[in-house]
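To be precise, the following lines are my_file26.json, and they hold JSON, C-alpha atoms.
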[["chain", "number", "residue", "atom", "x", "y", "z"],
["A", 1, "MET", "CA", 8.24, -19.59, -21.39],
["A", 2, "LEU", "CA", 9.19, -21.01, -17.98],
["A", 3, "SER", "CA", 10.94, -18.84, -15.38],
["A", 4, "SER", "CA", 14.16, -20.87, -15.61],
["A", 5, "GLU", "CA", 14.27, -20.26, -19.36],
["A", 6, "ILE", "CA", 13.74, -16.51, -18.91],
["A", 7, "ALA", "CA", 16.69, -16.36, -16.52],
["A", 8, "THR", "CA", 18.90, -18.15, -19.05],
["A", 9, "MET", "CA", 17.92, -15.88, -21.94],
["A", 10, "ILE", "CA", 18.46, -12.57, -20.16],
["A", 11, "SER", "CA", 21.39, -13.59, -17.95],
["A", 12, "GLU", "CA", 19.56, -13.09, -14.64],
["A", 13, "ARG", "CA", 18.79, -9.39, -15.31],
["A", 14, "TYR", "CA", 15.14, -9.62, -14.41],
["A", 15, "ILE", "CA", 12.69, -9.32, -11.53],
["A", 16, "GLN", "CA", 10.36, -12.23, -10.84],
["A", 17, "ILE", "CA", 6.95, -11.17, -9.49],
["A", 18, "GLU", "CA", 4.98, -14.02, -7.99],
["A", 19, "MET", "CA", 1.19, -13.65, -8.04],
["A", 20, "LEU", "CA", -1.58, -15.61, -6.37],
["A", 21, "PRO", "CA", -5.29, -15.83, -7.24],
["A", 22, "LEU", "CA", -7.87, -13.87, -5.26],
["A", 23, "SER", "CA", -7.93, -14.20, -1.50],
["A", 24, "PHE", "CA", -11.23, -15.02, 0.17],
["A", 25, "LYS", "CA", -11.48, -11.39, 1.32],
["A", 26, "GLU", "CA", -10.93, -10.11, -2.23],
["A", 27, "TYR", "CA", -13.52, -12.58, -3.50],
["A", 28, "MET", "CA", -16.06, -11.37, -0.92],
["A", 29, "GLU", "CA", -15.37, -7.73, -1.78],
["A", 30, "SER", "CA", -15.86, -8.46, -5.48],
["A", 31, "THR", "CA", -19.44, -9.61, -4.77],
["A", 32, "GLY", "CA", -20.42, -6.14, -3.54],
["A", 33, "ASN", "CA", -21.02, -7.00, 0.13],
["A", 34, "MET", "CA", -19.64, -9.08, 2.97],
["A", 35, "ASN", "CA", -22.84, -11.01, 3.69],
["A", 36, "ASP", "CA", -23.50, -14.77, 3.31],
["A", 37, "ARG", "CA", -19.88, -15.63, 3.89],
["A", 38, "GLY", "CA", -20.60, -19.35, 4.34],
["A", 39, "ILE", "CA", -22.24, -19.62, 0.92],
["A", 40, "LYS", "CA", -19.59, -17.45, -0.68],
["A", 41, "TYR", "CA", -16.78, -19.49, 0.85],
["A", 42, "THR", "CA", -18.17, -22.59, -0.89],
["A", 43, "GLU", "CA", -18.46, -20.66, -4.15],
["A", 44, "TYR", "CA", -14.91, -19.38, -3.70],
["A", 45, "LEU", "CA", -13.63, -22.93, -3.51],
["A", 46, "GLN", "CA", -15.74, -24.56, -6.20],
["A", 47, "ASN", "CA", -15.87, -21.76, -8.77],
["A", 48, "SER", "CA", -12.13, -21.00, -8.69],
["A", 49, "SER", "CA", -10.27, -18.05, -7.21],
["A", 50, "PHE", "CA", -8.82, -16.97, -10.56],
["A", 51, "PRO", "CA", -10.16, -13.44, -11.28],
["A", 52, "TYR", "CA", -11.63, -14.27, -14.69],
["A", 53, "ALA", "CA", -13.83, -16.94, -13.09],
["A", 54, "LEU", "CA", -15.81, -14.12, -11.43],
["A", 55, "GLN", "CA", -17.09, -13.12, -14.85],
["A", 56, "LEU", "CA", -18.33, -16.69, -15.35],
["A", 57, "LYS", "CA", -20.26, -16.90, -12.07],
["A", 58, "ASN", "CA", -23.34, -19.17, -12.24],
["A", 59, "GLN", "CA", -21.97, -20.70, -15.43],
["A", 60, "PRO", "CA", -20.38, -23.96, -14.18],
["A", 61, "ASP", "CA", -19.77, -25.38, -17.66],
["A", 62, "GLU", "CA", -17.91, -22.25, -18.74],
["A", 63, "ILE", "CA", -15.87, -22.23, -15.53],
["A", 64, "ARG", "CA", -14.91, -25.86, -16.07],
["A", 65, "ASP", "CA", -13.87, -25.15, -19.68],
["A", 66, "TYR", "CA", -11.80, -22.21, -18.45],
["A", 67, "LEU", "CA", -10.01, -24.28, -15.80],
["A", 68, "GLU", "CA", -9.43, -27.17, -18.20],
["A", 69, "GLY", "CA", -7.86, -24.69, -20.61],
["A", 70, "ILE", "CA", -5.47, -23.45, -17.92],
["A", 71, "TYR", "CA", -4.59, -27.00, -16.88],
["A", 72, "ASN", "CA", -4.00, -28.26, -20.41],
["A", 73, "THR", "CA", -1.98, -25.21, -21.41],
["A", 74, "ILE", "CA", 0.23, -24.78, -18.34],
["A", 75, "VAL", "CA", 0.53, -28.24, -16.80],
["A", 76, "VAL", "CA", 0.29, -30.51, -19.81],
["A", 77, "LYS", "CA", 1.77, -28.40, -22.60],
["A", 78, "ASP", "CA", 4.19, -26.00, -20.91],
["A", 79, "ILE", "CA", 5.52, -28.25, -18.18],
["A", 80, "ALA", "CA", 5.01, -31.91, -19.03],
["A", 81, "HIS", "CA", 5.69, -31.68, -22.76],
["A", 82, "ARG", "CA", 8.44, -29.10, -22.62],
["A", 83, "LYS", "CA", 10.30, -30.93, -19.89],
["A", 84, "ASN", "CA", 9.65, -34.28, -21.59],
["A", 85, "ILE", "CA", 8.33, -35.95, -18.42],
["A", 86, "THR", "CA", 5.24, -37.66, -19.82],
["A", 87, "ASP", "CA", 5.13, -41.44, -19.60],
["A", 88, "THR", "CA", 8.53, -41.51, -17.89],
["A", 89, "MET", "CA", 7.91, -44.69, -15.91],
["A", 90, "THR", "CA", 6.28, -46.64, -18.72],
["A", 91, "SER", "CA", 9.01, -45.60, -21.16],
["A", 92, "LEU", "CA", 11.47, -47.27, -18.80],
["A", 93, "GLY", "CA", 9.44, -50.47, -18.85],
["A", 94, "ARG", "CA", 8.05, -50.04, -15.33],
["A", 95, "LYS", "CA", 4.40, -50.59, -14.50],
["A", 96, "ILE", "CA", 2.68, -47.84, -12.55],
["A", 97, "ASN", "CA", -0.87, -47.03, -11.46],
["A", 98, "SER", "CA", -2.65, -44.38, -9.40],
["A", 99, "ARG", "CA", -2.21, -46.34, -6.16],
["A", 100, "THR", "CA", 1.55, -46.43, -6.67],
["A", 101, "VAL", "CA", 1.69, -42.68, -7.27],
["A", 102, "LYS", "CA", -0.48, -41.99, -4.20],
["A", 103, "LYS", "CA", 1.76, -44.14, -2.01],
["A", 104, "TYR", "CA", 4.85, -42.35, -3.31],
["A", 105, "LEU", "CA", 3.41, -38.87, -2.71],
["A", 106, "LYS", "CA", 2.43, -39.76, 0.84],
["A", 107, "SER", "CA", 6.08, -40.15, 1.73],
["A", 108, "LEU", "CA", 7.02, -36.66, 0.57],
["A", 109, "GLU", "CA", 6.50, -33.17, 1.99],
["A", 110, "LYS", "CA", 3.13, -31.46, 1.89],
["A", 111, "TYR", "CA", 1.97, -30.00, -1.41],
["A", 112, "TYR", "CA", -0.74, -27.41, -1.99],
["A", 113, "ILE", "CA", -2.59, -26.36, -5.12],
["A", 114, "VAL", "CA", -2.79, -22.68, -6.03],
["A", 115, "ASP", "CA", -6.51, -22.82, -6.87],
["A", 116, "ILE", "CA", -9.02, -25.15, -5.18],
["A", 117, "GLY", "CA", -11.40, -24.84, -8.13],
["A", 118, "MET", "CA", -8.77, -26.60, -10.22],
["A", 119, "MET", "CA", -8.80, -29.48, -7.74],
["A", 120, "TYR", "CA", -12.58, -29.76, -7.98],
["A", 121, "MET", "CA", -12.30, -29.77, -11.77],
["A", 122, "LEU", "CA", -9.74, -32.58, -11.73],
["A", 123, "LEU", "CA", -11.08, -34.78, -8.92],
["A", 124, "GLY", "CA", -14.75, -33.92, -8.47],
["A", 125, "SER", "CA", -16.43, -32.99, -5.19],
["A", 126, "LYS", "CA", -16.67, -36.59, -3.90],
["A", 127, "MET", "CA", -12.88, -36.81, -3.63],
["A", 128, "MET", "CA", -12.54, -33.66, -1.51],
["A", 129, "ASP", "CA", -11.04, -33.65, 1.98],
["A", 130, "THR", "CA", -12.55, -30.46, 3.40],
["A", 131, "GLY", "CA", -10.03, -30.30, 6.24],
["A", 132, "HIS", "CA", -7.09, -30.43, 3.85],
["A", 133, "ILE", "CA", -8.79, -27.85, 1.61],
["A", 134, "LEU", "CA", -9.00, -25.45, 4.56],
["A", 135, "GLU", "CA", -5.32, -26.09, 5.27],
["A", 136, "ASN", "CA", -4.55, -25.31, 1.61],
["A", 137, "VAL", "CA", -6.49, -22.02, 1.78],
["A", 138, "VAL", "CA", -4.70, -21.00, 5.00],
["A", 139, "TYR", "CA", -1.30, -21.79, 3.49],
["A", 140, "LEU", "CA", -1.93, -19.54, 0.47],
["A", 141, "GLU", "CA", -3.20, -16.75, 2.73],
["A", 142, "LEU", "CA", -0.02, -16.87, 4.80],
["A", 143, "LEU", "CA", 1.99, -16.47, 1.60],
["A", 144, "ARG", "CA", -0.16, -13.48, 0.63],
["A", 145, "ARG", "CA", 0.57, -11.90, 4.00],
["A", 146, "GLY", "CA", 4.29, -12.10, 3.34],
["A", 147, "TYR", "CA", 5.28, -15.05, 5.50],
["A", 148, "ASP", "CA", 7.81, -17.75, 4.82],
["A", 149, "VAL", "CA", 5.89, -20.91, 5.69],
["A", 150, "TYR", "CA", 7.23, -24.22, 6.97],
["A", 151, "VAL", "CA", 5.89, -27.44, 8.45],
["A", 152, "GLY", "CA", 7.01, -27.67, 12.08],
["A", 153, "LYS", "CA", 8.21, -30.73, 14.00],
["A", 154, "ILE", "CA", 8.59, -30.97, 17.75],
["A", 155, "ASP", "CA", 9.20, -34.34, 19.38],
["A", 156, "ASN", "CA", 6.70, -36.68, 17.68],
["A", 157, "TYR", "CA", 4.23, -33.91, 16.92],
["A", 158, "GLU", "CA", 3.70, -31.92, 13.73],
["A", 159, "VAL", "CA", 2.77, -28.25, 13.61],
["A", 160, "ASP", "CA", 0.81, -27.49, 10.45],
["A", 161, "PHE", "CA", 2.44, -24.12, 9.78],
["A", 162, "VAL", "CA", 5.35, -22.16, 11.17],
["A", 163, "ALA", "CA", 4.92, -18.68, 9.66],
["A", 164, "GLN", "CA", 7.92, -16.35, 9.84],
["A", 165, "ASN", "CA", 8.69, -12.82, 8.71],
["A", 166, "HIS", "CA", 10.78, -9.89, 9.95],
["A", 167, "LYS", "CA", 8.35, -9.36, 12.84],
["A", 168, "GLY", "CA", 8.71, -12.84, 14.25],
["A", 169, "THR", "CA", 7.01, -16.23, 14.20],
["A", 170, "ILE", "CA", 3.42, -17.50, 14.49],
["A", 171, "TYR", "CA", 2.42, -21.15, 14.86],
["A", 172, "TYR", "CA", -0.80, -22.42, 13.28],
["A", 173, "GLN", "CA", -2.82, -25.59, 13.59],
["A", 174, "VAL", "CA", -5.70, -25.99, 11.10],
["A", 175, "ALA", "CA", -8.71, -28.25, 11.65],
["A", 176, "LEU", "CA", -12.22, -28.32, 10.24],
["A", 177, "THR", "CA", -13.66, -28.63, 13.76],
["A", 178, "VAL", "CA", -12.35, -29.20, 17.27],
["A", 179, "ARG", "CA", -15.67, -29.59, 19.05],
["A", 180, "ASP", "CA", -14.78, -33.20, 19.76],
["A", 181, "GLU", "CA", -12.53, -33.25, 22.84],
["A", 182, "LYS", "CA", -10.11, -35.82, 21.39],
["A", 183, "THR", "CA", -9.66, -33.74, 18.25],
["A", 184, "LEU", "CA", -9.13, -30.59, 20.32],
["A", 185, "GLN", "CA", -6.44, -32.23, 22.43],
["A", 186, "ARG", "CA", -4.74, -33.61, 19.30],
["A", 187, "GLU", "CA", -4.53, -30.12, 17.82],
["A", 188, "LEU", "CA", -3.41, -28.51, 21.09],
["A", 189, "ARG", "CA", -0.62, -30.98, 21.85],
["A", 190, "PRO", "CA", 1.93, -29.79, 19.25],
["A", 191, "LEU", "CA", 1.43, -26.15, 20.23],
["A", 192, "GLN", "CA", 1.65, -26.93, 23.94],
["A", 193, "ALA", "CA", 4.97, -28.68, 23.33],
["A", 194, "ILE", "CA", 6.53, -25.46, 21.97],
["A", 195, "ARG", "CA", 8.40, -23.64, 24.74],
["A", 196, "ASP", "CA", 8.84, -20.18, 23.23],
["A", 197, "HIS", "CA", 6.44, -17.26, 23.59],
["A", 198, "TYR", "CA", 5.49, -16.62, 19.97],
["A", 199, "PRO", "CA", 1.73, -16.56, 19.19],
["A", 200, "LYS", "CA", 0.00, -19.91, 18.73],
["A", 201, "VAL", "CA", -3.33, -20.23, 16.90],
["A", 202, "ILE", "CA", -5.82, -22.96, 16.04],
["A", 203, "LEU", "CA", -7.95, -22.10, 12.99],
["A", 204, "THR", "CA", -11.25, -23.97, 12.58],
["A", 205, "MET", "CA", -14.58, -23.58, 10.83],
["A", 206, "ASP", "CA", -16.43, -23.78, 14.15],
["A", 207, "GLU", "CA", -18.71, -20.76, 14.60],
["A", 208, "ASP", "CA", -17.92, -20.47, 18.30],
["A", 209, "SER", "CA", -16.72, -17.46, 20.25],
["A", 210, "LYS", "CA", -12.98, -16.90, 20.47],
["A", 211, "ILE", "CA", -11.47, -19.22, 23.06],
["A", 212, "GLN", "CA", -8.01, -19.44, 24.61],
["A", 213, "TYR", "CA", -6.25, -22.47, 26.06],
["A", 214, "ASP", "CA", -3.35, -21.23, 28.19],
["A", 215, "GLY", "CA", -2.53, -18.58, 25.62],
["A", 216, "ILE", "CA", -3.30, -20.67, 22.51],
["A", 217, "ARG", "CA", -6.03, -18.86, 20.59],
["A", 218, "ARG", "CA", -8.83, -20.66, 18.78],
["A", 219, "ILE", "CA", -10.18, -18.53, 15.92],
["A", 220, "ASN", "CA", -12.81, -19.00, 13.24],
["A", 221, "ALA", "CA", -10.95, -19.49, 9.96],
["A", 222, "ARG", "CA", -13.30, -17.35, 7.88],
["A", 223, "ASP", "CA", -12.91, -14.45, 10.36],
["A", 224, "TRP", "CA", -9.16, -14.84, 10.06],
["A", 225, "LEU", "CA", -9.26, -14.97, 6.25],
["A", 226, "LEU", "CA", -11.34, -11.78, 6.19],
["A", 227, "GLY", "CA", -8.96, -9.98, 8.55],
["A", 228, "LEU", "CA", -11.55, -9.69, 11.31],
["A", 229, "THR", "CA", -9.21, -10.91, 14.06],
["A", 230, "ASP", "CA", -6.34, -9.08, 15.70]]

Here is a file; write its structure as structure tokens.
Amino acid sequence: MLSSEIATMISERYIQIEMLPLSFKEYMESTGNMNDRGIKYTEYLQNSSFPYALQLKNQPDEIRDYLEGIYNTIVVKDIAHRKNITDTMTSLGRKINSRTVKKYLKSLEKYYIVDIGMMYMLLGSKMMDTGHILENVVYLELLRRGYDVYVGKIDNYEVDFVAQNHKGTIYYQVALTVRDEKTLQRELRPLQAIRDHYPKVILTMDEDSKIQYDGIRRINARDWLLGLTD
């Protein structure tokens, strides 16, 4: 039953509890130690962050069957069929292909998947954009930490995440690496254009020491995910 249907049946007398799969920190803790975080980060992405997938570790076929079951049950059966949205375009006599859908989605807001393992199952590893995957992981972690998350816009620049809660605001840029000077400047520019004094952070997978650029902190993303930064 979908949440909108629950609300209708019980006349809004209910509490909705939103849950997310395991965080990277929870995944690491479930392995029994905090070592080999690079290897475990890859496993975390590819093997799924759904808790039951931990019981299927080192069994890729079983993990894939599990994820396909979730996809077919929730996305195909519960959403597409129940809402009668399958073959909408073709039923109206309009031709459509994957390139058309991709072009349409590019014009919309950003979307993130709740489990990266599901993306690997659907698209395969060759289709993966590792930078966008990191951005996806960071977005989910901000939600876990209780932030309302938005995409920021200042002048012609885009800030990946504006994270807000009752304590204030934090601005985040996310990049796989900023060791190239042009990439670094591209990521710094939006944050430098912001004139307030809220914290500003660049998260990357670079294994460098913490660095600051006029108050903008550059932090290793895995350290941040594991809560090892202040």

If we count all atoms listed in the file and set the cut-off at 8 Å, which residues sit around Leu226 (chain A), ignoring sequence neighbours fewer than 2 positions away in its own chain? Please answer as number ranges by chain. A: 24-25, 222-224, 228

If you count only C-alpha atoms, which residues fall within 8 Å of Asn220 (chain A), apart from same-chain ones fewer than 5 positions away, as a VMD selection string? chain A and resid 203 to 208 210

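For the set A:Thr177, A:Ser30, A:Thr229, A:Gln59, the residue with the smallest atom-to-atom gap to Gly131 (chain A) is A:Thr177, counting all atoms listed in the file.
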
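CA of His132 (chain A) is positioned 21.1 Å from CA of Gly227 (chain A).
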
Centre and edges of the region 170-188 of chain A box, axis-aligned, 8 Å extra per side, as lines of an AutoDock Vina configuration file:
center_x = -6.1
center_y = -26.7
center_z = 16.5
size_x = 35.1
size_y = 34.3
size_z = 28.6
